[in-house]
Amino acid sequence: IEGFSYEDVGALFLNGTTLESRSGYAPHRLQETPMGLLSATGWPNPGVEAVINQILPSLDMGHTQVCANVCGDSVQEFVEVTRRFNDSPVAAIELNLPAYEFNSTKDLSDAGDQAAQIVAACRVVTAKPLISKLSGHYADIAPVARRCVEAGTNAISLISSVAGMAINIESRRFALAHGVGHLSGPAIKPIAVMKVMQIAEMTRRHGVAIIGQGGIRNAEDAIEFLIAGADVVGVCSGLYYDPHVCQKINLGISDYLQRHGLSSVTQLTGSLKK
């Protein structure tokens, strides 16, 4: 994309990767909403070996870090994909815990135990930094995040999405072939900012970083996450609408720091006045 530079981002996260290749769910997979994007893709990908041997060598790793994103239907799949990425040049490994929730038929009332089990098992097979990605589904996200920290995660990224659905009123069928999907975009930002605040004090005590994400479209959105307690921010669906949004966010944050007499983003992190 003309004008896009890897130098504008601190890290590039790969799409969700599973052990074997997946074609994903049948279309339709995406549905725009008034303030977001509803998706149910099934994580189509060529499998971890193809990602390591074909996709990673094609990426420019000289100007930013590349991080893996691991999906799976079982603890064993998470572990095996993590083990393969441990011997690759990725800088860190993100565990896409919502992917397990979404595909699991298990009772998710004990989600903290399930998340911790995945993190602990993956911690054994890699020395690379682990990032636990959490969804916005939990009424109280703090206990789940705390279990991930106790299991050995190095960072928490939140939120990935919240569950949602849309209906085609003419056919009276689901708008997405899978039925239920993941809602991302501006509609979930207030939820995401709150979830970041709810875990910020705990993660700070343990020296665990927060990657705040969910509906970030501009510098003002990013700054909200930082003030709530995020150490860095992530942009996903915002790139669909503006591929240059990261550069604009960086410039906007720099301008904010200058206007407020601050010398570093770290002075913003967790600076919410209650």
# chains A, B, ... in the order shown; residues from 1 in each chain; ligands from 1
>>> residues_around(residues="region 208-219 of chain A", least_positions_apart="2", cutoff="7 Å", atoms="only C-alpha atoms", output="ChimeraX atom specification")
/A:154-161,184-189,192,196,203-204,206,221-223,225,230-235,238,245,249,252-253
>>> write_last_selection(atoms="N, CA and C atoms", output="compact mmCIF listing (two decimals), in the first residue's frame")
# COMPACT_ATOMS: atom_id res chain seq x y z
N ASN A 154 3.62 -12.80 29.60
CA ASN A 154 4.43 -11.59 29.69
C ASN A 154 3.63 -10.33 29.40
N ALA A 155 2.48 -10.50 28.74
CA ALA A 155 1.63 -9.36 28.39
C ALA A 155 0.20 -9.83 28.21
N ILE A 156 -0.73 -8.89 28.35
CA ILE A 156 -2.14 -9.15 28.10
C ILE A 156 -2.58 -8.21 26.99
N SER A 157 -3.22 -8.75 25.95
CA SER A 157 -3.82 -7.90 24.92
C SER A 157 -5.32 -8.01 25.03
N LEU A 158 -6.00 -6.85 25.09
CA LEU A 158 -7.43 -6.85 25.25
C LEU A 158 -8.00 -5.50 24.80
N ILE A 159 -9.25 -5.57 24.26
CA ILE A 159 -10.00 -6.80 24.04
C ILE A 159 -9.96 -7.14 22.55
N SER A 160 -10.14 -8.41 22.25
CA SER A 160 -10.17 -8.81 20.85
C SER A 160 -11.49 -8.44 20.19
N SER A 161 -12.59 -8.67 20.90
CA SER A 161 -13.91 -8.46 20.32
C SER A 161 -14.96 -8.77 21.38
N SER A 184 -16.05 -6.05 16.25
CA SER A 184 -14.91 -5.18 16.51
C SER A 184 -15.25 -3.79 16.01
N GLY A 185 -14.32 -2.85 16.22
CA GLY A 185 -14.56 -1.49 15.73
C GLY A 185 -15.01 -0.54 16.83
N PRO A 186 -15.38 0.69 16.45
CA PRO A 186 -15.68 1.75 17.42
C PRO A 186 -16.77 1.39 18.44
N ALA A 187 -17.70 0.50 18.07
CA ALA A 187 -18.79 0.15 18.99
C ALA A 187 -18.28 -0.47 20.28
N ILE A 188 -17.13 -1.14 20.23
CA ILE A 188 -16.65 -1.84 21.43
C ILE A 188 -15.62 -1.04 22.22
N LYS A 189 -15.26 0.14 21.74
CA LYS A 189 -14.18 0.88 22.41
C LYS A 189 -14.47 1.20 23.87
N ALA A 192 -13.76 -1.84 25.83
CA ALA A 192 -12.33 -2.17 25.85
C ALA A 192 -11.56 -1.27 26.81
N VAL A 196 -9.39 -2.55 30.14
CA VAL A 196 -7.99 -2.21 30.37
C VAL A 196 -7.82 -1.62 31.78
N THR A 203 -1.69 -5.81 36.67
CA THR A 203 -0.58 -6.09 35.77
C THR A 203 0.64 -5.24 36.12
N ARG A 204 0.42 -4.02 36.55
CA ARG A 204 1.53 -3.15 36.92
C ARG A 204 2.31 -3.75 38.10
N HIS A 206 2.75 -6.80 38.75
CA HIS A 206 3.49 -7.99 38.32
C HIS A 206 4.45 -7.72 37.17
N ASP A 221 -8.44 8.13 20.45
CA ASP A 221 -8.81 6.80 20.93
C ASP A 221 -7.63 6.12 21.61
N ALA A 222 -6.47 6.18 20.96
CA ALA A 222 -5.27 5.55 21.50
C ALA A 222 -4.90 6.15 22.85
N ILE A 223 -4.99 7.46 22.96
CA ILE A 223 -4.63 8.14 24.21
C ILE A 223 -5.56 7.71 25.35
N PHE A 225 -6.85 4.77 25.78
CA PHE A 225 -6.35 3.47 26.25
C PHE A 225 -5.11 3.64 27.11
N ALA A 230 -3.04 1.13 29.46
CA ALA A 230 -2.32 0.38 28.42
C ALA A 230 -0.90 0.91 28.27
N ASP A 231 0.04 -0.01 28.05
CA ASP A 231 1.43 0.38 27.79
C ASP A 231 1.63 0.70 26.31
N VAL A 232 0.95 -0.03 25.46
CA VAL A 232 0.96 0.20 24.02
C VAL A 232 -0.46 -0.06 23.52
N VAL A 233 -0.72 0.28 22.26
CA VAL A 233 -2.06 0.05 21.70
C VAL A 233 -1.95 -0.74 20.40
N GLY A 234 -3.03 -1.42 20.06
CA GLY A 234 -3.09 -2.19 18.83
C GLY A 234 -4.23 -1.71 17.95
N VAL A 235 -4.02 -1.77 16.66
CA VAL A 235 -5.03 -1.35 15.69
C VAL A 235 -5.32 -2.53 14.76
N GLY A 238 -9.45 -0.76 12.26
CA GLY A 238 -9.20 0.60 11.79
C GLY A 238 -8.38 0.64 10.52
N VAL A 245 -3.54 4.81 9.17
CA VAL A 245 -4.01 5.29 10.46
C VAL A 245 -2.91 5.25 11.53
N ILE A 249 -1.88 8.20 14.06
CA ILE A 249 -1.95 8.03 15.51
C ILE A 249 -0.64 8.45 16.16
N GLY A 252 -0.40 12.18 16.16
CA GLY A 252 -1.36 12.76 17.11
C GLY A 252 -0.91 12.62 18.55
N ILE A 253 -0.32 11.47 18.89
CA ILE A 253 0.18 11.27 20.25
C ILE A 253 1.35 12.20 20.53
>>> residues_around(residues="Ala151 (chain A)", least_positions_apart="2", cutoff="12 Å", atoms="only C-alpha atoms", output="list of chain:residue names")
A:Gly112, A:Asp113, A:Gln114, A:Ala115, A:Ala116, A:Gln117, A:Ile118, A:Val119, A:Ala120, A:Ala121, A:Cys122, A:Arg123, A:Val124, A:Leu130, A:Ile131, A:Ser132, A:Val144, A:Ala145, A:Arg146, A:Arg147, A:Cys148, A:Val149, A:Thr153, A:Asn154, A:Ala155, A:His206, A:Val208
>>> residues_around(residues="Asn45 (chain A)", least_positions_apart="5", cutoff="7 Å", atoms="only C-alpha atoms", output="VMD selection string")
chain A and resid 17 21 to 23
>>> closest_residue(among="A:Val125, A:Met197, A:Val180, A:Ile167", to="Ala228 (chain A)", atoms="only C-alpha atoms")
A:Met197
>>> residues_around(residues="region 28-31 of chain A", least_positions_apart="6", cutoff="10 Å", atoms="only C-alpha atoms", output="list of chain:residue names")
A:Leu37, A:Leu38, A:Ser39, A:Ala40, A:Thr41, A:Gly42, A:Met165, A:Ala166, A:Ile167, A:Phe174, A:Ala175, A:Leu176, A:Ala177, A:His178, A:Gly179, A:Gly181, A:His182, A:Leu183
>>> write_last_selection(atoms="all heavy atoms", output="short mmCIF file (atom, residue, chain, number, x, y, z; two decimals), in the first residue's frame")
data_model
loop_
_atom_site.label_atom_id
_atom_site.label_comp_id
_atom_site.auth_asym_id
_atom_site.auth_seq_id
_atom_site.Cartn_x
_atom_site.Cartn_y
_atom_site.Cartn_z
N LEU A 37 -17.47 -3.86 12.74
CA LEU A 37 -17.36 -4.95 11.78
C LEU A 37 -17.64 -6.26 12.50
O LEU A 37 -17.00 -6.57 13.51
CB LEU A 37 -15.96 -4.97 11.16
CG LEU A 37 -15.71 -5.97 10.04
CD1 LEU A 37 -16.53 -5.59 8.80
CD2 LEU A 37 -14.23 -6.01 9.69
N LEU A 38 -18.60 -7.02 11.99
CA LEU A 38 -18.94 -8.32 12.54
C LEU A 38 -18.28 -9.37 11.65
O LEU A 38 -18.44 -9.35 10.43
CB LEU A 38 -20.45 -8.50 12.55
CG LEU A 38 -21.06 -9.63 13.37
CD1 LEU A 38 -20.73 -9.46 14.85
CD2 LEU A 38 -22.57 -9.67 13.16
N SER A 39 -17.54 -10.28 12.26
CA SER A 39 -16.79 -11.27 11.47
C SER A 39 -16.86 -12.66 12.09
O SER A 39 -16.92 -12.80 13.31
CB SER A 39 -15.33 -10.84 11.33
OG SER A 39 -14.67 -10.85 12.58
N ALA A 40 -16.85 -13.65 11.23
CA ALA A 40 -16.72 -15.05 11.64
C ALA A 40 -15.99 -15.75 10.50
O ALA A 40 -16.61 -16.22 9.55
CB ALA A 40 -18.08 -15.68 11.91
N THR A 41 -14.67 -15.79 10.60
CA THR A 41 -13.86 -16.30 9.49
C THR A 41 -13.47 -17.76 9.65
O THR A 41 -13.21 -18.44 8.66
CB THR A 41 -12.57 -15.47 9.36
OG1 THR A 41 -11.77 -15.65 10.53
CG2 THR A 41 -12.90 -13.99 9.18
N GLY A 42 -13.40 -18.23 10.90
CA GLY A 42 -12.91 -19.59 11.11
C GLY A 42 -11.40 -19.68 11.02
O GLY A 42 -10.84 -20.76 10.90
N MET A 165 -24.26 -10.74 16.55
CA MET A 165 -24.86 -11.36 15.37
C MET A 165 -25.68 -10.33 14.61
O MET A 165 -26.03 -9.27 15.14
CB MET A 165 -25.74 -12.56 15.74
CG MET A 165 -26.89 -12.21 16.66
SD MET A 165 -28.00 -13.62 16.96
CE MET A 165 -29.03 -13.52 15.51
N ALA A 166 -25.97 -10.65 13.36
CA ALA A 166 -26.83 -9.80 12.53
C ALA A 166 -27.75 -10.71 11.73
O ALA A 166 -27.41 -11.86 11.42
CB ALA A 166 -25.98 -8.94 11.59
N ILE A 167 -28.92 -10.17 11.36
CA ILE A 167 -29.92 -10.95 10.64
C ILE A 167 -30.29 -10.24 9.35
O ILE A 167 -30.50 -9.02 9.33
CB ILE A 167 -31.18 -11.15 11.51
CG1 ILE A 167 -30.85 -11.98 12.76
CG2 ILE A 167 -32.32 -11.80 10.72
CD1 ILE A 167 -31.98 -12.05 13.76
N PHE A 174 -29.34 -15.74 9.28
CA PHE A 174 -28.15 -15.06 9.78
C PHE A 174 -27.45 -14.33 8.64
O PHE A 174 -27.34 -14.84 7.53
CB PHE A 174 -27.17 -16.06 10.39
CG PHE A 174 -27.63 -16.70 11.66
CD1 PHE A 174 -27.81 -18.07 11.74
CD2 PHE A 174 -27.87 -15.94 12.81
CE1 PHE A 174 -28.23 -18.69 12.91
CE2 PHE A 174 -28.28 -16.54 13.99
CZ PHE A 174 -28.47 -17.91 14.04
N ALA A 175 -26.93 -13.15 8.94
CA ALA A 175 -26.15 -12.43 7.94
C ALA A 175 -24.81 -13.12 7.71
O ALA A 175 -24.27 -13.09 6.60
CB ALA A 175 -25.93 -10.99 8.39
N LEU A 176 -24.25 -13.74 8.75
CA LEU A 176 -23.02 -14.50 8.65
C LEU A 176 -23.36 -15.98 8.55
O LEU A 176 -24.25 -16.47 9.26
CB LEU A 176 -22.12 -14.28 9.87
CG LEU A 176 -21.66 -12.84 10.15
CD1 LEU A 176 -20.85 -12.81 11.44
CD2 LEU A 176 -20.86 -12.29 8.99
N ALA A 177 -22.63 -16.70 7.71
CA ALA A 177 -22.91 -18.12 7.53
C ALA A 177 -22.76 -18.90 8.84
O ALA A 177 -23.49 -19.86 9.10
CB ALA A 177 -21.98 -18.71 6.46
N HIS A 178 -21.81 -18.46 9.68
CA HIS A 178 -21.57 -19.15 10.95
C HIS A 178 -22.61 -18.78 12.00
O HIS A 178 -22.71 -19.44 13.04
CB HIS A 178 -20.17 -18.84 11.46
CG HIS A 178 -19.78 -19.62 12.67
ND1 HIS A 178 -19.53 -20.97 12.63
CD2 HIS A 178 -19.61 -19.24 13.97
CE1 HIS A 178 -19.21 -21.40 13.84
NE2 HIS A 178 -19.25 -20.37 14.67
N GLY A 179 -23.37 -17.73 11.76
CA GLY A 179 -24.36 -17.28 12.73
C GLY A 179 -23.79 -16.21 13.62
O GLY A 179 -23.86 -15.03 13.32
N GLY A 181 -20.85 -14.04 15.44
CA GLY A 181 -19.53 -13.58 15.03
C GLY A 181 -18.87 -12.73 16.10
O GLY A 181 -19.35 -12.62 17.23
N HIS A 182 -17.75 -12.14 15.72
CA HIS A 182 -16.97 -11.27 16.60
C HIS A 182 -17.20 -9.82 16.18
O HIS A 182 -16.95 -9.46 15.03
CB HIS A 182 -15.48 -11.58 16.49
CG HIS A 182 -15.13 -12.99 16.83
ND1 HIS A 182 -14.87 -13.40 18.11
CD2 HIS A 182 -14.99 -14.09 16.04
CE1 HIS A 182 -14.57 -14.70 18.10
NE2 HIS A 182 -14.65 -15.13 16.86
N LEU A 183 -17.65 -9.00 17.09
CA LEU A 183 -17.84 -7.58 16.80
C LEU A 183 -16.60 -6.81 17.20
O LEU A 183 -16.13 -6.88 18.34
CB LEU A 183 -19.05 -7.03 17.55
CG LEU A 183 -19.35 -5.53 17.34
CD1 LEU A 183 -19.72 -5.25 15.88
CD2 LEU A 183 -20.46 -5.07 18.28
#
